[in-house]
Amino acid sequence: MRTTRESQQALDLEIAKLEQDLVILRRRRNSLSPISQLPTELIFRIFYLSIHCPETERKVLISIRLEGTRRSITHVSHGWRTVALEWPKLWSEIHIRDRTNVEHLDLARKRAKDLPLSIAFCGDRVYGTPGVFHIFQVETERLTSVVLSAPIEVLRSLLPKIKACSNTIQFLRLEVPHSGRWTPVDLTQIDSFYNFPRLQRLEIQNWNTLFIPPALFNPTSLTMLKLAFFCLPAARVIHAVFASLRNVVQHLTSLSLTIILPPHLEDVSLDITGTPPINMPALEDIAFISNGARVLSELSSVLCVPSSIRTVRILAQQGASSQDVSLALHHACTNIASPRFLQIDNEFDPGDGTHKMDVRGLKNPPLTAHSNAHMSEKPDLPLIPVGSRSHASRPIFYSNESRNRWKTGRSAGDRCCQPLPNLGRLRLTALPTGRSDGNRPATERPLECRVGFFRHNAVTLSFIAGPYAGRHPPEVQPYTFPVPLINPANWLFSALHHILVTCQFPVPFWKALASVPTLRVIEYQVTNFEDAFCRVLEEAVASGQVGAGDRTFYPSLNAIRITFEGKNVAWDVEYAERLALVLLHKHQGMGTPTFEWLDFKGCGTHVDADTLRLLFSVSKSVCWY
């Protein structure tokens with residue numbers, strides 16, 4: 001007969017067995033959940049993204065305990081823990097915050113196994129640095145990426161420690177947080193940088209006293225350099241930057257230079273006159289960013305951009321000197337052909353009520369299915385009625401060859417020629433002829449065009465609001481393009497053939513644009529009947545400024561695309577008639593239609609036959625959709 005103690009032990013064993021069975025049953029049940037059915041690689045990717053948040057604002061990032069997040073993942077279920085522990089890459093990125101425990105860092109190092117390590121420190125106080133010190137001391141062989149974001153006093157204490165890992169670091173980012181308000185900087189205290197032989201990418205932001213010694217700085221693998229100053233850097237610092245650039249130009253492919261000056265120093269020079277030009281043969285991308293009145297032109301005059309450059313970005317402050325911007329474009333793009341295509345966008349930021357303007361210049365316009373339909377080298381695009389639905393979902397293409405007939409879908413020898421009917425509720429689709437698509441005849445296959453964007457020699461000019469809080473009040477009206485820049489002698493407009501404007505511009509803009517002799521295509525948006533572009537044309541006709549043989553007022557213009565913006569646009573037909581009449585007056589006496597095409601997009605009403613005849617008296621083809 002068992003004693004009481006023996007009975008208790010037997011029951012304990014039975015309970016332990018049942019508990020183990022219960023654990024197994026729960027694991028089996030969890031394995032049937034939807035997330036457990038995902039591939040292991042996808043689950044890991046989800047875990048990785050949960051601790052990878054590069055776009056998060058710094059003030060939010062400081063409060064996020066990413067090491068705690070990673071540890072929590074391993075405590076959800078046995079399956080999650082297995083996935084997390086079996087993927088060393090999840091642990092190879094170490095995030096350090098103020099008061100991060102060294103024990104947590106050692107656990108991550110152990111679970112990363114033999115993978116290269118990267119650390120990202122984001123803190124505000126010196127007492128958060130022991131964890132960073134610890135990593136620098138114990139990981140001198142496999143630390144390849146370092147991101148340090150902290151006040152300058154903290155970075156100064158960390159810089160000597162990072163030297164122990166200088167032979168392994170490939171990516172380094174040093175950031176002094178910028179508050180958005182200008183504060184005085186003691187430029188007499190200079191901090192010395194070190195050489196990192198294997199460095200490939202270097203970013204230094206707002207460390208305005210960091211001196212890069214040209215005699216020591218020579219990383220033979222450096223391909224990306226990004227420097228940002230938020231005050232006028234000391235002459236010794238800026239000259240050292242240019243001298244150090246000469247050591248890495250043979251392999252540097254990406255360069256970004258930012259110099260943001262306080263309001264009272266916006267007219268100050270960098271004092272780099274006489275600096276010998278720096279040829280950068282391998283450069284693919286370059287950016288100049290400044291609110292200074294002369295900084296952009298000074299920077300671009302020293303750095304020689306090759307003709308093989310992929311992208312050039314120039315960012316200036318709204319209201320910046322047109323002369324400085326023009327000189328910056330001239331210097332930076334000396335070896336680049338002037339763009340044939342420009343796109344101007346105006347973006348509104350609801351956060352601070354300001355507008356940002358982007359001007360993108362390309363060697364050629366991006367191809368679209370719609371623009372391809374108008375290319376002269378393409379075959380004629382006959383028209384097929386495909387049902388009595390609203391025309392708004394598909395474009396209606398017309399041409400002089402087809403305005404008195406349309407293709408019915410029959411064979412080529414059985415076309416039906418009829419007068420142009422009222423196309424009120426007919427949907428028409430443009431199709432290429434003589435081609436087939438599987439079992440579908442060519443007469444039923446929709447138009448397919450590949451969309452391509454040209455990245456070679458792309459130039460972006462941006463205008464943004466003042467960088468310092470309180471420098472400029474929130475703008476009520478969108479910022480307009482600087483009219484003095486619109487000059488045929490300016491690099492940006494000297495070879496312009498095609499311009500796309502996605503925002504509203506006043507009369508002076510369109511008047512200045514009329515002087516560009518090479519401009520052939522204009523695309524713009526219309527939000528009201530009293531549009532500035534049409535008004536400029538009417539004023540020119542009324543004043544006798546244009547007429548037969550005119551070669552000064554939009555002399556080469558032969559294609560226009562209008563996009564109607566807004567709800568319930570009921571005046572689109574009237575606007576089209578108004579535009580056609582003024583174009584007729586402009587080209588009077590020239591005989592046959594002089595325009596290649598007129599496009600009207602976003603139309604709210606149907607076009608009638610009388611309006612079509614008027615439009616065809618101006619243009620060889622018309623599109624209404």
# chains A, B, ... in the order shown; residues from 1 in each chain; ligands from 1
$ residues_around --residues "Pro482 (chain A)" --least-positions-apart "3" --cutoff "9 Å" --atoms "only C-alpha atoms" --output "list in words"
Gln318, Gly319, Ala320, Ser322, Leu485, Ile486 and Phe509 of chain A
$ atom_distance --atom1 "CA of Pro233 (chain A)" --atom2 "CA of Asp358 (chain A)"
27.6 Å
$ residues_around --residues "region 273-278 of chain A" --least-positions-apart "3" --cutoff "10 Å" --atoms "only C-alpha atoms" --output "MDAnalysis selection string"
chainID A and resid 239 242:243 245:246 249 269:270 281 298 300:305
$ write_last_selection --atoms "all heavy atoms" --output "compact mmCIF listing (two decimals), in the first residue's frame"
# COMPACT_ATOMS: atom_id res chain seq x y z
N HIS A 239 37.29 73.72 -46.38
CA HIS A 239 38.42 73.49 -47.26
C HIS A 239 38.94 72.06 -47.12
O HIS A 239 39.39 71.46 -48.11
CB HIS A 239 39.55 74.49 -46.96
CG HIS A 239 39.28 75.87 -47.50
ND1 HIS A 239 38.92 76.92 -46.69
CD2 HIS A 239 39.29 76.35 -48.76
CE1 HIS A 239 38.73 78.00 -47.42
NE2 HIS A 239 38.94 77.68 -48.68
N PHE A 242 36.79 69.68 -49.32
CA PHE A 242 37.16 69.65 -50.73
C PHE A 242 38.49 68.94 -50.95
O PHE A 242 38.66 68.19 -51.93
CB PHE A 242 37.21 71.06 -51.29
CG PHE A 242 35.86 71.69 -51.45
CD1 PHE A 242 35.54 72.87 -50.80
CD2 PHE A 242 34.90 71.10 -52.24
CE1 PHE A 242 34.30 73.46 -50.94
CE2 PHE A 242 33.64 71.67 -52.39
CZ PHE A 242 33.34 72.85 -51.74
N ALA A 243 39.43 69.17 -50.04
CA ALA A 243 40.73 68.49 -50.17
C ALA A 243 40.57 66.98 -50.01
O ALA A 243 41.22 66.19 -50.72
CB ALA A 243 41.71 69.05 -49.14
N LEU A 245 37.86 65.28 -50.69
CA LEU A 245 37.15 64.78 -51.86
C LEU A 245 38.11 64.37 -52.97
O LEU A 245 37.86 63.40 -53.70
CB LEU A 245 36.18 65.83 -52.39
CG LEU A 245 34.77 65.84 -51.81
CD1 LEU A 245 33.97 67.02 -52.36
CD2 LEU A 245 34.05 64.53 -52.11
N ARG A 246 39.20 65.09 -53.10
CA ARG A 246 40.16 64.77 -54.16
C ARG A 246 40.76 63.38 -53.96
O ARG A 246 41.22 62.74 -54.93
CB ARG A 246 41.26 65.82 -54.19
CG ARG A 246 40.77 67.21 -54.50
CD ARG A 246 41.91 68.22 -54.56
NE ARG A 246 41.39 69.58 -54.62
CZ ARG A 246 41.01 70.18 -55.74
NH1 ARG A 246 41.11 69.52 -56.89
NH2 ARG A 246 40.54 71.41 -55.72
N VAL A 249 37.71 60.76 -55.42
CA VAL A 249 36.90 61.04 -56.60
C VAL A 249 36.91 59.92 -57.62
O VAL A 249 35.96 59.77 -58.42
CB VAL A 249 37.36 62.35 -57.28
CG1 VAL A 249 37.05 63.53 -56.41
CG2 VAL A 249 38.85 62.28 -57.63
N SER A 269 29.25 84.30 -48.07
CA SER A 269 29.95 83.42 -49.00
C SER A 269 30.69 82.32 -48.25
O SER A 269 31.05 82.48 -47.07
CB SER A 269 30.93 84.24 -49.84
OG SER A 269 31.78 83.40 -50.58
N LEU A 270 30.94 81.21 -48.93
CA LEU A 270 31.71 80.11 -48.34
C LEU A 270 33.21 80.39 -48.36
O LEU A 270 33.98 79.64 -47.77
CB LEU A 270 31.44 78.81 -49.08
CG LEU A 270 30.05 78.20 -48.94
CD1 LEU A 270 29.96 76.90 -49.74
CD2 LEU A 270 29.73 77.91 -47.48
N PRO A 281 34.95 61.68 -62.19
CA PRO A 281 34.62 60.87 -63.35
C PRO A 281 33.63 59.74 -63.09
O PRO A 281 32.91 59.33 -64.00
CB PRO A 281 35.97 60.32 -63.80
CG PRO A 281 36.83 60.34 -62.57
CD PRO A 281 36.37 61.54 -61.80
N GLU A 298 28.52 78.50 -55.73
CA GLU A 298 29.91 78.29 -55.30
C GLU A 298 30.24 76.80 -55.25
O GLU A 298 31.31 76.37 -55.71
CB GLU A 298 30.13 78.92 -53.93
CG GLU A 298 30.15 80.45 -53.95
CD GLU A 298 30.33 81.04 -52.57
OE1 GLU A 298 29.84 80.46 -51.58
OE2 GLU A 298 30.96 82.10 -52.47
N SER A 300 28.74 74.30 -56.89
CA SER A 300 28.72 73.70 -58.23
C SER A 300 29.87 74.17 -59.10
O SER A 300 30.22 73.49 -60.07
CB SER A 300 27.38 74.01 -58.92
OG SER A 300 27.18 75.41 -59.02
N SER A 301 30.47 75.31 -58.77
CA SER A 301 31.60 75.78 -59.56
C SER A 301 32.88 75.01 -59.27
O SER A 301 33.80 74.99 -60.09
CB SER A 301 31.84 77.27 -59.30
OG SER A 301 32.26 77.49 -57.95
N VAL A 302 32.93 74.36 -58.11
CA VAL A 302 34.13 73.60 -57.73
C VAL A 302 34.04 72.15 -58.18
O VAL A 302 35.04 71.55 -58.61
CB VAL A 302 34.35 73.68 -56.20
CG1 VAL A 302 35.52 72.79 -55.77
CG2 VAL A 302 34.60 75.11 -55.78
N LEU A 303 32.84 71.55 -58.11
CA LEU A 303 32.67 70.14 -58.41
C LEU A 303 32.25 69.97 -59.87
O LEU A 303 31.20 70.45 -60.28
CB LEU A 303 31.62 69.53 -57.48
CG LEU A 303 31.91 69.69 -55.99
CD1 LEU A 303 30.76 69.19 -55.15
CD2 LEU A 303 33.19 68.95 -55.62
N CYS A 304 33.06 69.28 -60.65
CA CYS A 304 32.82 69.10 -62.09
C CYS A 304 32.05 67.80 -62.30
O CYS A 304 32.58 66.70 -62.07
CB CYS A 304 34.13 69.06 -62.85
SG CYS A 304 35.07 70.60 -62.72
N VAL A 305 30.81 67.93 -62.74
CA VAL A 305 29.93 66.78 -62.96
C VAL A 305 30.21 66.19 -64.34
O VAL A 305 30.27 66.92 -65.33
CB VAL A 305 28.46 67.22 -62.85
CG1 VAL A 305 27.53 66.07 -63.18
CG2 VAL A 305 28.18 67.75 -61.44
$ closest_residue --among "A:His497, A:His78, A:His251, A:Arg198" --to "Arg27 (chain A)" --atoms "only C-alpha atoms"
A:His78
$ residues_around --residues "region 206-216 of chain A" --least-positions-apart "3" --cutoff "10 Å" --atoms "only C-alpha atoms" --output "ChimeraX atom specification"
/A:151-152,155-156,174-178,185-197,219,227-234,236-247,258-260
